[in-house]
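**Q** Dumping the structure here so I can ask a few things about it.
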Amino acid sequence: MADAREQIEAGRTALGIEFGSTRIKACLVSSADPATVLAVGTFDWENSLDGKLWTYPIAEVWEGLQGAYADLAHNVETTHGVTLTTIGAIGISAMMHGYLAFDKNDELLVPFRTWRNTNTGVAAAELSELFGVNIPLRWSIAHLHQAIVDSEPHVPTIDFVTTLAGYVHWQLTGQKVLGVGDASGMFPIAASGDSYDAQLVAQYNELAGDRLPAASLTDLFPKVLGAGQAAGALTRDGARLLDPTGALQAGIPLCPAEGDAGTGMVATNSVEPRTGNVSAGTSIFAMAVLEHPLENQHHELDLVTTPAGDPVAMVHCNNGASELDAWVRLFIRFAEAAGSPVTPDAAFETLFREALGGAADAGGLLAYNHLAGEPVAGMEEGRPVFVRTTGSDFTLANTMRSHIYGVFGTLALGMRVLDSEGVKLDRMYAHGGLFRTAGVAQRFLAGALGTSVAVAETASEGGAWGIAVLAAYLDSGAGEPLSEYLAGSVFAGAPVTVADPVKDDVEGFASYLDHYHNGLAVVAAAVESV
C-alpha cells in the first residue's frame, strides 16, 4: 500500500478511460507494472433513439467522463490516502465507428450517430463495390457517404469528422489525431499501417466530387498515429473538463485514442499473427491477427488493424450480452418478489452454473439476442426472440444455456467464414464481464469455436485496462515493439485460465448453430410482423 501511494503521488501511473456501450470505466495502473490495477471508477449510461438513429447526448459524454474520473479519484483517496493531482500518461478509448461531424466553429452538426445504426446500407454497398473491400454499415465513411447520398443539409458545412474516442481526445488535448486501430474503423488503412489507404482515398474523392466539403477526404478525418506515438498533452481546459475540481494538473501526455477493438487486443495480449480475441459486452466481436491477406471479400468480415497497425480480420456483431442480462434481471426480480433477494453477481453465478447442467445442444431451445439490426445475420432490424418446439426440453438449465449460446450464435456464423479463408489461430483469448463466472461462458465459447479459450485475471477490467496499458507503453518510451512490451512488461507470469473444447460441447453447439441459422427466418418474420 505504501509503495502504491508513493507511485500515485509521484505520477508513476497510467490512466485509461473507455466509453463502453453501457458503462464508462476509468482504470489507474502502475507505470512500472501495468498488470497492477491501483483503482477503478465507473459511470453507467445508455444509448437512446433520436428519431430512428441510436445516439448518446453529447452532454452525457462529459457527465460520464467526469463521473467515472470522480469515482476513480474518490477510490484513490479512500484506498491510498492520496489526492490525485498528476498521472504519468492518459489514454482515451471508446466504441469504434460511428459519426461525429463538426463545422469550422467546432459545433456538432447532427447528433452523434453510433456504431449501432444500420441506416447506411446504400452507402456501404456502393463503397464496398468501389473499393473491393468490405465497408460495414457502422464505419464512419459509410455514415459520411450516406449523409452525402441523402443530401443532408449539414454536409456542406462539415469541417471535421471523428469517432467518440477521437472527439474526447481532441477536447482534452486540442489535437485532431486518432490511433490507427480506431482509424481503421473510419476508413481502410494502407498496407504500411500508418495512414489511410491513399489509392482508396483518391477513388473516394473522385466518387464524391464536389459533394465532398473539402479538397480531399483526408482533410476531414483525424491524422493517424500508431501505438506509442506522442498524441498531445492535457491542456488547462482539458484538465478542467476531466476534473472540474481543479486538482488534476495540465501537461499530462496522452497516447493515441483507440477503439474498443484495439484495447481488447491489448487487454488479451492478442497483437501478433495467429492470435485472436473475443470481446463480449453490449456487442460482441472477434479479432484475428492475420499472417497474410484474405483471398476474398466477405460482408461478415471487416479488415481493421491492431493499435500497432498490423492487419486484423474482425467479426463484429451488434448484439452481445444485453438480452442475456435482461433475462437474468427477470430472475433477480422474481427472487426479490418472492422475498429472497439476490445480488446481480449471485444471480449470474447461480444461473450460469445451472447452464452447465443443460443439454449440449440446449435441448432444442433457441435464443436470438437481436435487440438491434444484425448485418452478419442479414437482419436490418432487431427483434429478440426465444423460441422452442413442442418437443423441446424446456428446463431452466437449457434456457440459460441457450441464452449463453445465443450470445455466441451470430459470432460463430462469422467465424465459419473466417475458417473458410484458412485463418489459423494458436489460441483465442476472451475478455469482458460475461467471463467473470469462471469456467462457464469460457467453456461454451471454446465449444462454439472449437478452439482453446484463455481468460486472464485482468479480463473483467476489459478495455479500460487495455487503454491504460497503451498509456503506460507511451510513458515507458515505447522503445520496443508493442508485442514485446506486452509479453515482457505486462503479461509475463500473468495468471491465465485455459478452457479446451469439450467434444460434447463442440458437437452440441454445432447442432444448435445449424438450428439457429435455419431459425433466422423466425426472427425475420418477427421483424416484418411485430
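Residue names in the C-alpha cells use chain letters A, B, ... in the order shown, residue numbers from 1 in each chain, and ligand numbers from 1 in the order shown.
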Within 9 Å of His517 of chain A, counting only C-alpha atoms, which residues qualify if same-chain residues fewer than 5 places away don't, as a tab-separated table (two decimals) with C-alpha atoms, in the first residue's frame?

**A**
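Contents of part09.tsv, as written:
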```tsv
chain	number	residue	atom	x	y	z
A	377	ALA	CA	-27.07	-12.45	-39.89
A	409	GLY	CA	-24.57	-17.51	-32.25
A	410	THR	CA	-24.05	-14.79	-34.85
A	413	LEU	CA	-21.61	-17.80	-38.14
A	512	TYR	CA	-27.51	-25.64	-32.03
```

**Q** When you look at Gly466 of chain A with a cut-off of 10 Å (counting only C-alpha atoms), what residues show up, excluding the ones that are within fewer than 6 positions of it in the same chain? I need them as an NGL selection string.

**A** :A and (16-18 or 27 or 34-35 or 91 or 93 or 258 or 260-269 or 458-459 or 472)

**Q** Nearest to Gly174 of chain A among A:Thr235, A:Gln297, A:Gln203, A:Ser140, with distances taken over only C-alpha atoms: which residue is it?

**A** A:Thr235

**Q** Extract, using only C-alpha atoms, all DNA, RNA and protein residues at most 12 Å from Ala215 of chain A, discarding same-chain residues fewer than 5 positions from it, and format them as a short mmCIF file (atom, residue, chain, number, x, y, z; two decimals) with N, CA and C atoms, in the first residue's frame.

**A**
```
data_model
loop_
_atom_site.label_atom_id
_atom_site.label_comp_id
_atom_site.auth_asym_id
_atom_site.auth_seq_id
_atom_site.Cartn_x
_atom_site.Cartn_y
_atom_site.Cartn_z
N ASP A 159 -16.51 20.28 -41.37
CA ASP A 159 -15.09 20.63 -41.34
C ASP A 159 -14.24 19.51 -40.75
N VAL A 201 -8.55 6.56 -50.98
CA VAL A 201 -8.92 7.95 -50.73
C VAL A 201 -9.14 8.68 -52.06
N ALA A 202 -8.23 8.43 -53.00
CA ALA A 202 -8.35 9.07 -54.32
C ALA A 202 -9.63 8.61 -55.03
N TYR A 204 -12.33 7.63 -53.60
CA TYR A 204 -13.49 8.24 -52.95
C TYR A 204 -13.62 9.71 -53.32
N ASN A 205 -12.52 10.41 -53.37
CA ASN A 205 -12.57 11.83 -53.76
C ASN A 205 -13.22 11.99 -55.13
N GLU A 206 -12.89 11.08 -56.03
CA GLU A 206 -13.47 11.14 -57.38
C GLU A 206 -14.96 10.84 -57.34
N ALA A 208 -17.08 11.20 -54.76
CA ALA A 208 -17.85 12.25 -54.08
C ALA A 208 -17.84 13.56 -54.86
N GLY A 209 -16.71 13.85 -55.52
CA GLY A 209 -16.62 15.06 -56.32
C GLY A 209 -16.90 16.31 -55.52
N ASP A 210 -17.69 17.20 -56.08
CA ASP A 210 -17.94 18.47 -55.41
C ASP A 210 -18.96 18.35 -54.28
N LEU A 220 -10.80 15.99 -43.84
CA LEU A 220 -11.91 15.92 -42.89
C LEU A 220 -11.64 14.96 -41.73
#
```

**Q** Identify, on the basis of only C-alpha atoms, every residue whose closest approach to His403 of chain A does not exceed 10 Å; exclude the query and any residue fewer than 3 positions from it along the same chain; express the result as a PyMOL selection string.

**A** chain A and resi 321+323-325+327+355+362+365-369+386+398-400+406-409

**Q** For C-alpha atoms, I'd like the residues from the last selection saved as a PDB file, in the first residue's frame.

**A**
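Saved file again.pdb follows:
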```pdb
ATOM      1  CA  ALA A 321     -24.949  -9.931 -23.804  1.00  0.00           C
ATOM      2  CA  GLU A 323     -30.588  -9.842 -23.881  1.00  0.00           C
ATOM      3  CA  LEU A 324     -28.943 -12.386 -21.592  1.00  0.00           C
ATOM      4  CA  ASP A 325     -28.636  -9.634 -18.976  1.00  0.00           C
ATOM      5  CA  TRP A 327     -33.243 -12.492 -18.620  1.00  0.00           C
ATOM      6  CA  ALA A 355     -26.496 -23.798 -17.560  1.00  0.00           C
ATOM      7  CA  ALA A 362     -29.585 -26.603 -25.246  1.00  0.00           C
ATOM      8  CA  LEU A 365     -34.298 -24.123 -27.385  1.00  0.00           C
ATOM      9  CA  LEU A 366     -33.161 -21.167 -29.489  1.00  0.00           C
ATOM     10  CA  ALA A 367     -32.342 -17.683 -28.200  1.00  0.00           C
ATOM     11  CA  TYR A 368     -31.800 -14.727 -30.538  1.00  0.00           C
ATOM     12  CA  ASN A 369     -30.285 -11.666 -28.856  1.00  0.00           C
ATOM     13  CA  PHE A 386     -36.817 -17.038 -27.676  1.00  0.00           C
ATOM     14  CA  ASN A 398     -31.449 -25.440 -21.113  1.00  0.00           C
ATOM     15  CA  THR A 399     -32.992 -21.963 -21.087  1.00  0.00           C
ATOM     16  CA  MET A 400     -29.855 -20.406 -19.644  1.00  0.00           C
ATOM     17  CA  GLY A 406     -27.270 -17.086 -28.253  1.00  0.00           C
ATOM     18  CA  VAL A 407     -24.616 -14.521 -27.315  1.00  0.00           C
ATOM     19  CA  PHE A 408     -22.158 -16.518 -29.450  1.00  0.00           C
ATOM     20  CA  GLY A 409     -24.572 -17.514 -32.252  1.00  0.00           C
TER      21      GLY A 409
END
```

**Q** Taking only segment 95-169 of chain A into account, list the residues labelled helix (DSSP H, G or I) by DSSP (computed from the backbone), as an MDAnalysis selection string.

**A** chainID A and resid 121:131 140:149 155:157 164:169

**Q** Using the selection just defined, write its residues with C-alpha atoms as a PDB file, in the first residue's frame.

**A**
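See part.pdb below for the written result:
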```
ATOM      1  CA  GLY A 121     -26.918   0.273 -46.459  1.00  0.00           C
ATOM      2  CA  VAL A 122     -26.827   2.184 -49.748  1.00  0.00           C
ATOM      3  CA  ALA A 123     -23.509   3.859 -48.924  1.00  0.00           C
ATOM      4  CA  ALA A 124     -21.857   0.709 -47.576  1.00  0.00           C
ATOM      5  CA  ALA A 125     -22.833  -1.309 -50.651  1.00  0.00           C
ATOM      6  CA  GLU A 126     -21.620   1.379 -53.074  1.00  0.00           C
ATOM      7  CA  LEU A 127     -18.298   1.804 -51.288  1.00  0.00           C
ATOM      8  CA  SER A 128     -17.690  -1.933 -50.908  1.00  0.00           C
ATOM      9  CA  GLU A 129     -18.123  -2.366 -54.660  1.00  0.00           C
ATOM     10  CA  LEU A 130     -15.949   0.647 -55.461  1.00  0.00           C
ATOM     11  CA  PHE A 131     -13.086  -0.329 -53.158  1.00  0.00           C
ATOM     12  CA  SER A 140     -17.528   6.365 -40.314  1.00  0.00           C
ATOM     13  CA  ILE A 141     -17.042   6.588 -44.074  1.00  0.00           C
ATOM     14  CA  ALA A 142     -20.350   4.778 -44.588  1.00  0.00           C
ATOM     15  CA  HIS A 143     -22.102   7.312 -42.341  1.00  0.00           C
ATOM     16  CA  LEU A 144     -20.461  10.247 -44.115  1.00  0.00           C
ATOM     17  CA  HIS A 145     -21.222   8.920 -47.587  1.00  0.00           C
ATOM     18  CA  GLN A 146     -24.830   8.107 -46.658  1.00  0.00           C
ATOM     19  CA  ALA A 147     -25.261  11.703 -45.494  1.00  0.00           C
ATOM     20  CA  ILE A 148     -23.857  12.836 -48.855  1.00  0.00           C
ATOM     21  CA  VAL A 149     -26.108  10.431 -50.804  1.00  0.00           C
ATOM     22  CA  VAL A 155     -22.979  18.155 -45.285  1.00  0.00           C
ATOM     23  CA  PRO A 156     -21.710  21.368 -46.975  1.00  0.00           C
ATOM     24  CA  THR A 157     -20.604  22.775 -43.605  1.00  0.00           C
ATOM     25  CA  LEU A 164     -16.180   9.216 -29.999  1.00  0.00           C
ATOM     26  CA  ALA A 165     -12.654   8.474 -28.712  1.00  0.00           C
ATOM     27  CA  GLY A 166     -11.193  10.950 -31.195  1.00  0.00           C
ATOM     28  CA  TYR A 167     -13.663  13.610 -30.092  1.00  0.00           C
ATOM     29  CA  VAL A 168     -12.897  13.278 -26.391  1.00  0.00           C
ATOM     30  CA  HIS A 169      -9.140  13.201 -27.077  1.00  0.00           C
TER      31      HIS A 169
END
```
